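> One file: work13.txt (compact mmCIF, C-alpha atoms and all ligand atoms).
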```
# COMPACT_ATOMS: atom_id res chain seq x y z
CA MET A 1 -22.80 21.96 -1.10
CA THR A 2 -26.30 20.58 -1.23
CA ASN A 3 -27.04 17.19 -2.77
CA GLU A 4 -28.82 18.96 -5.61
CA THR A 5 -25.73 21.03 -6.44
CA ILE A 6 -23.52 17.94 -6.42
CA ILE A 7 -25.90 16.06 -8.70
CA ALA A 8 -26.30 19.03 -11.04
CA ALA A 9 -22.52 19.42 -11.28
CA TYR A 10 -22.23 15.72 -12.05
CA GLN A 11 -24.81 15.96 -14.84
CA GLN A 12 -22.85 18.80 -16.41
CA ALA A 13 -19.60 16.92 -16.07
CA LYS A 14 -21.22 13.86 -17.63
CA GLU A 15 -22.20 15.90 -20.67
CA ARG A 16 -18.79 17.50 -20.96
CA TYR A 17 -17.12 14.10 -20.89
CA ALA A 18 -19.68 12.59 -23.25
CA ALA A 19 -18.67 15.21 -25.80
CA LEU A 20 -15.19 13.67 -25.68
CA GLY A 21 -16.62 10.16 -25.97
CA ILE A 22 -16.08 9.34 -22.30
CA ASP A 23 -18.70 7.54 -20.20
CA THR A 24 -18.55 8.82 -16.60
CA ASP A 25 -20.89 6.12 -15.23
CA LYS A 26 -18.62 3.44 -16.64
CA ALA A 27 -15.59 5.13 -15.07
CA LEU A 28 -17.33 5.17 -11.68
CA ASN A 29 -18.16 1.47 -11.96
CA GLN A 30 -14.51 0.78 -12.65
CA LEU A 31 -13.40 2.97 -9.75
CA GLU A 32 -15.70 0.99 -7.48
CA GLN A 33 -13.75 -2.17 -8.35
CA ILE A 34 -10.50 -0.70 -7.05
CA HIS A 35 -10.18 -1.92 -3.49
CA LEU A 36 -7.40 -0.13 -1.65
CA SER A 37 -5.55 -2.06 1.01
CA LEU A 38 -5.35 0.37 3.93
CA HIS A 39 -2.15 -0.08 5.89
CA CYS A 40 -2.94 -0.53 9.59
CA TRP A 41 0.39 1.04 10.57
CA GLN A 42 -0.67 4.65 9.98
CA THR A 43 -2.85 4.37 13.13
CA ASP A 44 0.07 3.92 15.53
CA ASP A 45 3.34 4.83 13.75
CA VAL A 46 4.27 1.17 13.06
CA THR A 47 4.31 0.22 16.75
CA GLY A 48 2.15 -2.92 16.89
CA PHE A 49 1.12 -4.89 19.97
CA GLU A 50 4.17 -6.88 21.01
CA GLN A 51 4.84 -4.53 23.89
CA SER A 52 8.48 -5.45 23.62
CA GLY A 53 9.76 -1.94 24.21
CA GLU A 54 11.79 -2.22 20.99
CA ALA A 55 12.04 1.03 19.04
CA LEU A 56 11.15 1.11 15.34
CA SER A 57 14.19 -0.20 13.48
CA GLY A 58 15.14 -1.55 10.06
CA GLY A 59 15.97 1.76 8.41
CA ILE A 60 12.42 3.13 8.54
CA GLN A 61 11.32 6.07 10.67
CA ALA A 62 8.01 7.60 11.74
CA THR A 63 8.67 11.22 12.65
CA GLY A 64 6.39 13.45 14.71
CA ASN A 65 4.36 12.95 17.86
CA TYR A 66 0.92 14.24 17.10
CA PRO A 67 -1.43 13.27 19.93
CA GLY A 68 -4.08 10.57 19.59
CA LYS A 69 -2.07 7.63 18.28
CA ALA A 70 -3.81 4.27 18.70
CA ARG A 71 -2.38 2.45 21.72
CA ASN A 72 -3.98 -0.97 21.50
CA ILE A 73 -5.95 -3.28 19.24
CA ASP A 74 -9.32 -1.74 20.13
CA GLU A 75 -8.12 1.74 19.25
CA VAL A 76 -6.60 0.59 15.96
CA ARG A 77 -9.91 -1.04 15.05
CA GLN A 78 -11.90 1.96 16.17
CA ASP A 79 -9.77 4.23 13.95
CA ILE A 80 -10.00 1.97 10.91
CA GLU A 81 -13.76 1.62 11.32
CA TYR A 82 -14.02 5.39 11.39
CA VAL A 83 -11.72 5.84 8.40
CA LYS A 84 -13.98 3.49 6.45
CA THR A 85 -16.85 5.93 6.87
CA LEU A 86 -14.85 8.66 5.13
CA ILE A 87 -13.59 6.81 2.05
CA PRO A 88 -16.04 5.83 -0.68
CA GLY A 89 -16.09 2.14 -1.71
CA ASP A 90 -15.09 -1.18 -0.14
CA HIS A 91 -11.52 -1.57 0.96
CA ARG A 92 -9.09 -4.05 2.48
CA LEU A 93 -6.85 -3.86 5.51
CA SER A 94 -3.19 -4.77 5.51
CA LEU A 95 -1.78 -6.03 8.82
CA HIS A 96 1.79 -6.56 9.92
CA ALA A 97 2.77 -9.59 12.00
CA ILE A 98 3.37 -7.36 15.03
CA TYR A 99 -0.35 -6.47 15.14
CA GLY A 100 -1.52 -9.86 16.44
CA ASP A 101 -4.10 -10.14 19.21
CA PHE A 102 -1.48 -11.30 21.72
CA LYS A 103 -3.60 -10.40 24.76
CA GLY A 104 -0.62 -8.97 26.61
CA LYS A 105 1.35 -12.25 26.32
CA LYS A 106 4.84 -12.43 24.87
CA VAL A 107 4.64 -14.35 21.61
CA ASP A 108 7.96 -14.32 19.79
CA ARG A 109 8.02 -13.90 16.03
CA ASP A 110 8.83 -17.57 15.46
CA GLN A 111 5.77 -18.54 17.51
CA ILE A 112 2.97 -16.54 15.88
CA GLU A 113 -0.02 -18.54 14.69
CA PRO A 114 -3.33 -18.00 12.93
CA CYS A 115 -5.05 -18.03 16.35
CA HIS A 116 -3.36 -14.71 17.14
CA PHE A 117 -5.13 -13.20 14.15
CA GLN A 118 -8.50 -14.94 14.44
CA SER A 119 -10.09 -11.93 16.11
CA TRP A 120 -8.88 -9.80 13.19
CA ILE A 121 -10.48 -12.23 10.74
CA ASP A 122 -13.75 -12.10 12.70
CA TRP A 123 -13.54 -8.31 12.88
CA ALA A 124 -12.88 -8.14 9.12
CA LYS A 125 -15.94 -10.32 8.45
CA ALA A 126 -18.11 -8.15 10.66
CA ASN A 127 -16.81 -5.01 8.94
CA ASN A 128 -17.02 -6.29 5.39
CA MET A 129 -13.27 -6.08 4.83
CA LYS A 130 -10.72 -8.46 3.37
CA LEU A 131 -7.23 -8.76 4.81
CA ASP A 132 -3.65 -8.68 3.57
CA PHE A 133 -0.56 -9.49 5.57
CA ASN A 134 3.13 -8.67 6.05
CA SER A 135 5.87 -10.52 7.89
CA THR A 136 7.76 -8.17 10.25
CA SER A 137 11.53 -8.34 10.27
CA PHE A 138 12.19 -4.98 11.96
CA SER A 139 11.95 -3.80 15.60
CA HIS A 140 13.10 -7.09 17.17
CA PRO A 141 16.25 -8.08 19.11
CA LYS A 142 17.21 -10.38 16.20
CA SER A 143 16.58 -7.71 13.53
CA GLY A 144 20.11 -6.28 13.46
CA ASN A 145 21.22 -5.30 9.98
CA MET A 146 20.55 -8.70 8.42
CA THR A 147 17.75 -11.24 8.83
CA LEU A 148 17.01 -13.73 6.04
CA SER A 149 20.43 -13.08 4.51
CA HIS A 150 22.44 -13.18 7.76
CA ARG A 151 25.75 -15.08 7.84
CA ASP A 152 24.52 -16.99 10.86
CA GLN A 153 22.31 -19.95 10.01
CA GLY A 154 20.50 -19.68 13.36
CA ILE A 155 19.39 -16.11 12.69
CA ARG A 156 18.33 -17.03 9.17
CA ASP A 157 16.32 -19.99 10.44
CA PHE A 158 14.54 -17.82 12.99
CA TRP A 159 13.36 -15.44 10.26
CA ILE A 160 12.54 -18.25 7.85
CA GLU A 161 10.28 -19.72 10.52
CA HIS A 162 8.70 -16.33 11.13
CA THR A 163 8.01 -15.75 7.46
CA ILE A 164 6.55 -19.21 6.86
CA ARG A 165 4.25 -18.65 9.83
CA SER A 166 3.28 -15.25 8.46
CA ARG A 167 2.34 -16.82 5.15
CA LYS A 168 0.27 -19.45 6.96
CA ILE A 169 -1.58 -16.69 8.77
CA ALA A 170 -2.22 -14.96 5.44
CA GLU A 171 -3.45 -18.31 4.11
CA GLU A 172 -6.01 -18.52 6.91
CA MET A 173 -7.13 -14.93 6.25
CA GLY A 174 -7.54 -15.63 2.54
CA ARG A 175 -9.36 -18.91 3.14
CA GLN A 176 -11.78 -17.69 5.78
CA LEU A 177 -12.57 -14.41 4.05
CA GLY A 178 -12.89 -15.93 0.59
CA SER A 179 -10.41 -13.57 -1.01
CA PRO A 180 -6.71 -14.39 -1.43
CA ALA A 181 -4.56 -12.35 0.95
CA CYS A 182 -1.50 -10.58 -0.40
CA HIS A 183 1.51 -11.51 1.69
CA ASN A 184 4.23 -8.92 1.35
CA LEU A 185 7.79 -9.73 2.32
CA TRP A 186 9.99 -6.75 2.95
CA ILE A 187 13.21 -7.06 4.92
CA HIS A 188 15.65 -4.27 5.65
CA ASP A 189 18.83 -6.37 5.19
CA GLY A 190 21.74 -4.23 4.19
CA SER A 191 24.80 -2.41 5.45
CA LYS A 192 25.99 1.05 6.23
CA ASP A 193 29.30 0.88 4.45
CA ILE A 194 31.10 -0.81 1.57
CA THR A 195 30.35 -4.49 1.70
CA VAL A 196 32.61 -7.15 0.29
CA ASP A 197 30.56 -10.35 0.40
CA ARG A 198 27.53 -9.06 -1.44
CA TYR A 199 27.15 -12.25 -3.45
CA LEU A 200 27.11 -14.28 -0.25
CA TYR A 201 24.29 -12.25 1.34
CA ARG A 202 22.23 -12.35 -1.80
CA SER A 203 22.66 -16.08 -2.21
CA ASN A 204 21.73 -16.53 1.46
CA LEU A 205 18.57 -14.54 0.82
CA LYS A 206 17.72 -16.56 -2.25
CA GLU A 207 18.14 -19.80 -0.33
CA SER A 208 15.98 -18.51 2.54
CA LEU A 209 13.26 -17.44 0.12
CA ASP A 210 13.31 -20.84 -1.56
CA LYS A 211 12.61 -22.47 1.81
CA ILE A 212 9.88 -19.96 2.62
CA PHE A 213 8.06 -20.34 -0.69
CA ALA A 214 8.40 -24.14 -0.74
CA VAL A 215 5.40 -24.11 1.64
CA LYS A 216 2.33 -23.94 -0.58
CA CYS A 217 -0.38 -21.45 0.39
CA PRO A 218 -3.09 -21.48 -2.26
CA ASN A 219 -5.04 -18.60 -0.70
CA VAL A 220 -2.04 -16.30 -0.64
CA LYS A 221 -0.70 -13.98 -3.32
CA ASP A 222 2.98 -13.70 -2.50
CA ALA A 223 4.96 -10.53 -3.08
CA VAL A 224 8.55 -9.43 -2.43
CA GLU A 225 9.45 -5.78 -1.95
CA CYS A 226 12.72 -4.23 -3.02
CA LYS A 227 14.22 -1.02 -1.74
CA LEU A 228 17.00 1.36 -2.67
CA PHE A 229 18.34 1.74 0.85
CA GLY A 230 17.31 2.25 4.47
CA THR A 231 18.65 4.93 6.82
CA GLY A 232 21.78 3.61 8.49
CA LEU A 233 22.09 1.01 5.72
CA GLU A 234 23.06 3.32 2.89
CA SER A 235 25.71 1.38 1.00
CA PHE A 236 24.19 -2.01 0.34
CA THR A 237 20.67 -3.41 0.18
CA VAL A 238 20.52 -7.18 -0.18
CA GLY A 239 16.97 -7.13 -1.60
CA SER A 240 17.55 -4.69 -4.43
CA HIS A 241 15.19 -4.18 -7.37
CA GLU A 242 17.15 -6.48 -9.66
CA PHE A 243 17.29 -9.17 -6.96
CA TYR A 244 13.55 -9.31 -6.35
CA MET A 245 12.58 -8.66 -9.94
CA GLY A 246 14.60 -11.73 -10.90
CA TYR A 247 13.22 -13.75 -8.01
CA ALA A 248 9.60 -12.77 -8.62
CA VAL A 249 9.69 -13.50 -12.34
CA GLN A 250 11.57 -16.76 -11.94
CA ASN A 251 9.18 -18.01 -9.26
CA GLY A 252 5.87 -16.67 -10.55
CA ILE A 253 5.21 -14.40 -7.58
CA MET A 254 4.63 -10.65 -7.42
CA ALA A 255 7.10 -7.82 -7.13
CA THR A 256 5.95 -5.07 -4.79
CA MET A 257 6.52 -1.64 -6.27
CA ASP A 258 6.82 1.00 -3.54
CA MET A 259 6.89 4.53 -4.93
CA GLY A 260 9.55 5.53 -2.39
CA HIS A 261 12.01 2.72 -3.11
CA PHE A 262 13.89 4.01 -6.12
CA HIS A 263 16.32 6.77 -7.01
CA PRO A 264 14.62 10.13 -6.48
CA THR A 265 14.29 10.87 -10.20
CA GLU A 266 13.07 7.37 -11.06
CA GLU A 267 9.32 6.93 -11.38
CA VAL A 268 7.50 3.70 -10.64
CA TYR A 269 4.88 4.27 -13.36
CA ASP A 270 7.35 3.61 -16.15
CA LYS A 271 8.32 0.24 -14.68
CA LEU A 272 4.82 -1.24 -14.70
CA SER A 273 4.25 -2.00 -18.37
CA ALA A 274 7.63 -3.74 -18.41
CA LEU A 275 6.90 -5.79 -15.31
CA LEU A 276 3.38 -6.67 -16.45
CA LEU A 277 4.82 -8.48 -19.46
CA PHE A 278 6.62 -10.90 -17.19
CA SER A 279 4.43 -11.09 -14.08
CA LYS A 280 0.77 -11.92 -13.77
CA GLU A 281 0.16 -9.36 -11.03
CA ILE A 282 1.84 -6.54 -9.15
CA LEU A 283 1.51 -5.30 -5.58
CA LEU A 284 1.71 -1.53 -5.26
CA HIS A 285 2.82 0.42 -2.24
CA VAL A 286 1.37 3.82 -2.90
CA SER A 287 3.60 6.22 -1.03
CA ARG A 288 5.20 9.68 -1.32
CA PRO A 289 8.93 10.03 -0.99
CA VAL A 290 10.21 13.53 -0.21
CA ARG A 291 13.94 13.49 -1.05
CA TRP A 292 14.17 9.95 0.36
CA ASP A 293 11.83 7.11 1.31
CA SER A 294 10.13 9.40 3.81
CA ASP A 295 6.67 7.82 3.63
CA HIS A 296 4.82 11.14 3.52
CA VAL A 297 1.04 11.18 3.15
CA VAL A 298 0.09 10.46 -0.44
CA ILE A 299 -1.20 13.44 -2.42
CA LEU A 300 -2.44 13.93 -5.95
CA ASN A 301 0.88 14.67 -7.64
CA ASP A 302 2.36 13.77 -11.00
CA SER A 303 3.93 10.54 -9.72
CA LEU A 304 0.53 9.30 -8.64
CA THR A 305 -1.48 10.45 -11.67
CA MET A 306 1.06 8.93 -14.05
CA LEU A 307 1.04 5.70 -12.09
CA ALA A 308 -2.74 5.49 -12.39
CA GLN A 309 -2.63 6.36 -16.09
CA GLU A 310 -0.07 3.66 -16.78
CA ILE A 311 -2.24 1.01 -15.13
CA VAL A 312 -5.47 2.15 -16.77
CA TRP A 313 -3.88 2.61 -20.19
CA ALA A 314 -2.22 -0.80 -19.98
CA ASN A 315 -5.66 -2.28 -19.23
CA ALA A 316 -4.22 -3.75 -16.09
CA LEU A 317 -6.61 -2.60 -13.34
CA ASP A 318 -7.34 -6.19 -12.32
CA ARG A 319 -3.68 -7.23 -12.32
CA VAL A 320 -2.70 -4.75 -9.66
CA ASN A 321 -3.12 -4.98 -5.88
CA TYR A 322 -3.45 -1.53 -4.38
CA GLY A 323 -1.55 -1.31 -1.10
CA LEU A 324 -0.97 2.01 0.62
CA ASP A 325 2.24 2.54 2.57
CA TYR A 326 3.02 5.71 4.45
CA PHE A 327 3.20 6.72 8.09
CA ASP A 328 3.25 10.32 9.17
CA ALA A 329 3.15 10.89 12.93
CA SER A 330 3.10 14.67 12.69
CA LEU A 331 -0.57 15.21 11.85
CA ASN A 332 -3.98 13.76 12.55
CA ARG A 333 -3.53 10.13 11.55
CA ILE A 334 -7.13 9.63 10.44
CA GLY A 335 -6.72 12.64 8.19
CA ALA A 336 -3.58 11.05 6.77
CA TYR A 337 -5.54 7.95 5.73
CA VAL A 338 -8.35 9.92 4.19
CA ILE A 339 -6.16 12.33 2.24
CA GLY A 340 -3.98 9.53 0.87
CA SER A 341 -6.82 7.16 0.01
CA ARG A 342 -8.89 9.83 -1.67
CA ALA A 343 -5.87 11.10 -3.61
CA THR A 344 -5.30 7.58 -4.89
CA GLN A 345 -8.92 7.22 -5.96
CA LYS A 346 -8.86 10.63 -7.64
CA ALA A 347 -5.75 9.69 -9.61
CA PHE A 348 -7.44 6.54 -10.88
CA LEU A 349 -10.67 8.37 -11.65
CA GLN A 350 -8.76 10.98 -13.67
CA ALA A 351 -7.06 8.22 -15.61
CA LEU A 352 -10.36 6.42 -16.19
CA LEU A 353 -11.82 9.67 -17.51
CA SER A 354 -8.95 10.48 -19.85
CA PRO A 355 -9.62 10.73 -23.61
CA ILE A 356 -7.46 7.69 -24.23
CA ASP A 357 -8.85 6.80 -27.65
CA ARG A 358 -8.06 10.23 -29.01
CA LEU A 359 -4.69 10.24 -27.29
CA ARG A 360 -3.77 6.90 -28.84
CA LYS A 361 -4.89 8.04 -32.25
CA ALA A 362 -2.87 11.25 -32.02
CA GLU A 363 0.18 9.25 -30.96
CA ALA A 364 -0.23 6.71 -33.75
CA GLU A 365 -0.46 9.54 -36.26
CA GLU A 366 2.60 11.18 -34.74
CA ASN A 367 0.49 14.21 -33.97
CA PHE A 368 2.48 15.05 -30.88
CA PHE A 369 1.05 18.53 -30.54
CA GLU A 370 -2.47 17.12 -30.27
CA ARG A 371 -1.35 14.43 -27.82
CA LEU A 372 0.25 16.99 -25.51
CA ALA A 373 -2.65 19.43 -25.86
CA LEU A 374 -5.19 16.74 -24.96
CA LEU A 375 -3.15 15.67 -21.95
CA GLU A 376 -3.08 19.27 -20.76
CA GLU A 377 -6.78 19.87 -21.39
CA ALA A 378 -7.70 16.65 -19.57
CA LYS A 379 -6.18 18.07 -16.38
CA GLY A 380 -8.88 20.75 -16.30
CA LEU A 381 -11.89 18.54 -17.07
CA PRO A 382 -14.48 18.37 -14.26
CA TRP A 383 -13.31 15.03 -12.85
CA ASN A 384 -13.69 16.34 -9.30
CA ASP A 385 -17.44 16.80 -9.83
CA VAL A 386 -17.51 13.15 -10.78
CA TYR A 387 -15.58 12.22 -7.63
CA ASN A 388 -17.92 14.32 -5.47
CA TYR A 389 -20.86 12.42 -6.93
CA PHE A 390 -19.07 9.13 -6.17
CA CYS A 391 -18.74 10.25 -2.53
CA LEU A 392 -22.37 11.31 -2.36
CA THR A 393 -23.64 8.01 -3.74
CA HIS A 394 -21.43 6.14 -1.25
CA ASN A 395 -22.68 8.12 1.71
CA VAL A 396 -19.38 9.63 2.71
CA PRO A 397 -18.63 13.33 3.16
CA VAL A 398 -18.21 15.20 -0.10
CA ALA A 399 -15.11 17.32 -0.84
CA GLU A 400 -13.71 19.11 2.22
CA GLY A 401 -16.70 17.91 4.28
CA TYR A 402 -14.48 15.29 5.92
CA ILE A 403 -12.33 17.96 7.60
CA ALA A 404 -15.00 18.96 10.10
CA GLU A 405 -15.85 15.30 10.72
CA ILE A 406 -12.23 14.50 11.51
CA HIS A 407 -12.02 17.49 13.83
CA ASN A 408 -15.02 16.10 15.70
CA TYR A 409 -13.43 12.68 15.97
CA GLU A 410 -10.26 14.30 17.23
CA HIS A 411 -12.24 16.21 19.83
CA ASN A 412 -14.43 13.31 20.94
CA VAL A 413 -12.06 10.36 20.64
CA LEU A 414 -8.40 11.06 19.84
CA SER A 415 -7.85 13.86 22.34
CA LYS A 416 -9.07 11.60 25.14
CA ARG A 417 -6.34 9.00 24.59
C1 LIG A 501 9.78 -0.11 4.09
C2 LIG A 501 8.77 -0.75 3.22
C3 LIG A 501 7.71 -1.52 3.93
C4 LIG A 501 7.21 -0.88 5.19
C5 LIG A 501 5.99 -1.54 5.80
C6 LIG A 501 5.79 -1.11 7.21
O1 LIG A 501 10.63 0.73 3.44
O2 LIG A 501 8.20 0.23 2.41
O3 LIG A 501 6.68 -1.81 3.04
O4 LIG A 501 6.91 0.47 4.97
O5 LIG A 501 6.06 -2.88 5.65
ZN ZN A 502 6.51 -0.37 1.20
```
Output the structure of this file as structure tokens.


Amino acid sequence: MTNETIIAAYQQAKERYAALGIDTDKALNQLEQIHLSLHCWQTDDVTGFEQSGEALSGGIQATGNYPGKARNIDEVRQDIEYVKTLIPGDHRLSLHAIYGDFKGKKVDRDQIEPCHFQSWIDWAKANNMKLDFNSTSFSHPKSGNMTLSHRDQGIRDFWIEHTIRSRKIAEEMGRQLGSPACHNLWIHDGSKDITVDRYLYRSNLKESLDKIFAVKCPNVKDAVECKLFGTGLESFTVGSHEFYMGYAVQNGIMATMDMGHFHPTEEVYDKLSALLLFSKEILLHVSRPVRWDSDHVVILNDSLTMLAQEIVWANALDRVNYGLDYFDASLNRIGAYVIGSRATQKAFLQALLSPIDRLRKAEAEENFFERLALLEEAKGLPWNDVYNYFCLTHNVPVAEGYIAEIHNYEHNVLSKR
């Protein structure tokens, strides 16, 4: 496609949308304000830089062994810098505590400090990115099946210390970069089989969280992430949806809504307008579960488009933090970022371009035929011409143009690792 064709297609799309009372330029300005938080862990299958030899644990799994995975901090940065050239707009980076710049030294989780992340902060500044952060409770000799909810006070204290330190690192990121860092707390705590003392574990977790959040971090937006279950921990999850929903609302922090963390027929989109009435903000983990919390690469499916619609139609774009969370080790990892990020942007663009005024009117008048017809027709409107124009004006490859670019990167960089 030449630039002229892309621009001409955009002009036509603009007219088509204008006929429905929709302003495409306004939608693009709004899309520009959506800053995705790219998850660093797609570069290296959630390995990190501790060099502890610990396998990935905590009920999550990266399957596949496609060549070219990032092996160290320089390669992770190189990959993210490249990914940035393929996604239109300005985005954030989400780091896990195991991705510190440890310089080959052993730094245990209860010893991490902002200094181990200073080079990330400097890198983020140089690359015009903001940072988010996650404490890491998995893949450690003390991970076991329980961490912050463990029966043993010593184990709990270790993880409390780790999580407070993680929040202090996030604080430093937020302060130095002038944009509050989301700190996400997800722990895998649970058990494989029927558990008797469920109340005990949950009250342990609540007490641990109270200690963690007693430390004030004004440049941090705190979030807690629930989950249905992890593999090997099928019968009981301490941090269930009800647990964290209650905790987040009671304590004025965010609930993280991961699209893979609910029963397979449950959809996250329908939970948002309820949550938004009780919480100032939400942290999203945009993901794609396939039969379970499989963390497949995000694609433009109904779950995603309805999620975007719910946020746009609830007028809540600025109350949502847009984290991505998936890790597929079976295909080109750069491609995984680009497909998932672009799918997310396309879902939001579609929602921003929907004939919402007419839809609302039809609904208010109980004209359910018209509502359904408009929803169906909106699917076929030329939103992709608008997205192509967005890519063009942001100097990133348009449409499938990124495929050849990624093949080149694979040939020149990834295949040499
Ligand atoms: C796990 C959670 C969690 C992790 C990342 C690595 O089920 O979704 O968010 O995927 O923290
Ligand atoms: Zn998640």

> Show me, as a VMD selection string, the residues that have an atom within 10 Å of segment 17-27 of chain A when counting all atoms listed in the file, minus same-chain residues fewer than 2 positions from it.

chain A and resid 10 to 15 29 to 32 348 to 358 378 381 to 383 386 390

> Could you tell me, as a ChimeraX atom specification, which residues have any atom at most 12 Å from (19.3, -0.3, -8.7), counting only C-alpha atoms?

/A:226-229,235-245,261-264,266

> Near segment 113-119 of chain A, counting only C-alpha atoms, which residues have an atom at most 10 Å away, once you skip same-chain residues fewer than 6 positions from it, shown as an MDAnalysis selection string?

chainID A and resid 95 97 99:103 107 125 162 165:173 176

> Distance limit 7 Å, reference ligand ZN 502 (chain A), atoms considered: all atoms listed in the file. Which residues make the cut? Give them as a list in words.

Glu225, Asp258, His285 and Asp325 of chain A

> Taking all atoms listed in the file into account, name the residue in A:Val220, A:Ile253, A:Ile87, A:Val312 that is nearest to Ile282 of chain A.

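The shortest atom-to-atom distance to Ile282 of chain A comes from A:Ile253.
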
> Separation of atom CA of Asn65 of chain A and atom CA of Phe327 of chain A, in Å?

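Distance reported for this atom pair: 11.6 Å.
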
> Taking 2 positions as the minimum chain separation for residues in the same chain, which residues sit within 8 Å of segment 80-83 of chain A when counting all atoms listed in the file? Answer as a ChimeraX atom specification.

/A:40,43,76-78,85-87,127,334,337-338

> Kindly work out which residues sit at most 8 Å from ligand LIG 501 (chain A), using all atoms listed in the file, and give the list as a list in words.

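Residues lying within 8 Å of ligand LIG 501 (chain A): Trp41, Val46, Gly59, Ile60, His96, Asn134, Ser135, Thr136, Asn184, Leu185, Trp186, Ile187, His188, Glu225, Lys227, Gly230, Asp258, Gly260, His261, His285, Asp293, Asp295, Asp325, Tyr326 and Phe327 of chain A.
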
> So what do you get for atom CA of Ile98 of chain A versus atom CA of Thr344 of chain A, distance-wise?

26.4 Å

> Just to confirm, what's the straight-line distance from atom CA of Arg151 of chain A to atom CA of Leu209 of chain A in Å (one decimal)?

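These two atoms are separated by 14.9 Å.
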
> With distances taken over all atoms listed in the file, which residue among A:Leu414, A:Ile164, A:Ile194, A:Met146 lies nearest Asp110 of chain A?

A:Ile164

> May I ask which of the residues A:Asn251, A:Arg156, A:Asp328, A:Gly144 is the closest one to Asn204 of chain A, counting only C-alpha atoms?

A:Arg156

> Determine, counting all atoms listed in the file, which protein, DNA and RNA residues have an atom within 12 Å of an atom of Thr2 of chain A; residues of the same chain fewer than 3 positions away are not included. Present the result as number ranges by chain.

A: 5-9, 388-389, 392, 397-399, 401

> Would you mind exporting C-alpha atoms of the selected residues as a short mmCIF file (atom, residue, chain, number, x, y, z; two decimals), in the frame of the given file?


```cif
data_model
loop_
_atom_site.label_atom_id
_atom_site.label_comp_id
_atom_site.auth_asym_id
_atom_site.auth_seq_id
_atom_site.Cartn_x
_atom_site.Cartn_y
_atom_site.Cartn_z
CA THR A 5 -25.73 21.03 -6.44
CA ILE A 6 -23.52 17.94 -6.42
CA ILE A 7 -25.90 16.06 -8.70
CA ALA A 8 -26.30 19.03 -11.04
CA ALA A 9 -22.52 19.42 -11.28
CA ASN A 388 -17.92 14.32 -5.47
CA TYR A 389 -20.86 12.42 -6.93
CA LEU A 392 -22.37 11.31 -2.36
CA PRO A 397 -18.63 13.33 3.16
CA VAL A 398 -18.21 15.20 -0.10
CA ALA A 399 -15.11 17.32 -0.84
CA GLY A 401 -16.70 17.91 4.28
#
```

> Return the single residue from A:Leu372, A:Leu36, A:Ala214, A:Ile155 that is closest to Leu131 of chain A, with distances computed using only C-alpha atoms.

A:Leu36

> My structure is short of atoms at segment 34-45 of chain A; please model N, CA and C atoms there, returning them as a compact mmCIF listing (two decimals), keeping the file's coordinate frame.


```
# COMPACT_ATOMS: atom_id res chain seq x y z
N ILE A 34 -11.86 -0.86 -7.58
CA ILE A 34 -10.50 -0.70 -7.05
C ILE A 34 -10.58 -0.71 -5.53
N HIS A 35 -10.11 -1.80 -4.95
CA HIS A 35 -10.18 -1.92 -3.49
C HIS A 35 -8.80 -1.61 -2.92
N LEU A 36 -8.70 -0.50 -2.24
CA LEU A 36 -7.40 -0.13 -1.65
C LEU A 36 -7.15 -1.02 -0.44
N SER A 37 -5.90 -1.35 -0.21
CA SER A 37 -5.55 -2.06 1.01
C SER A 37 -4.97 -1.03 1.98
N LEU A 38 -5.80 -0.64 2.96
CA LEU A 38 -5.35 0.37 3.93
C LEU A 38 -4.30 -0.27 4.83
N HIS A 39 -3.25 0.44 5.07
CA HIS A 39 -2.15 -0.08 5.89
C HIS A 39 -2.43 0.26 7.35
N CYS A 40 -2.54 -0.77 8.20
CA CYS A 40 -2.94 -0.53 9.59
C CYS A 40 -1.92 0.36 10.31
N TRP A 41 -0.68 0.40 9.80
CA TRP A 41 0.39 1.04 10.57
C TRP A 41 0.37 2.56 10.58
N GLN A 42 -0.54 3.19 9.85
CA GLN A 42 -0.67 4.65 9.98
C GLN A 42 -1.39 5.01 11.30
N THR A 43 -2.11 4.06 11.89
CA THR A 43 -2.85 4.37 13.13
C THR A 43 -1.92 4.60 14.32
N ASP A 44 -0.74 3.92 14.29
CA ASP A 44 0.07 3.92 15.53
C ASP A 44 1.57 4.04 15.25
N ASP A 45 1.93 4.58 14.09
CA ASP A 45 3.34 4.83 13.75
C ASP A 45 4.17 3.54 13.76
```
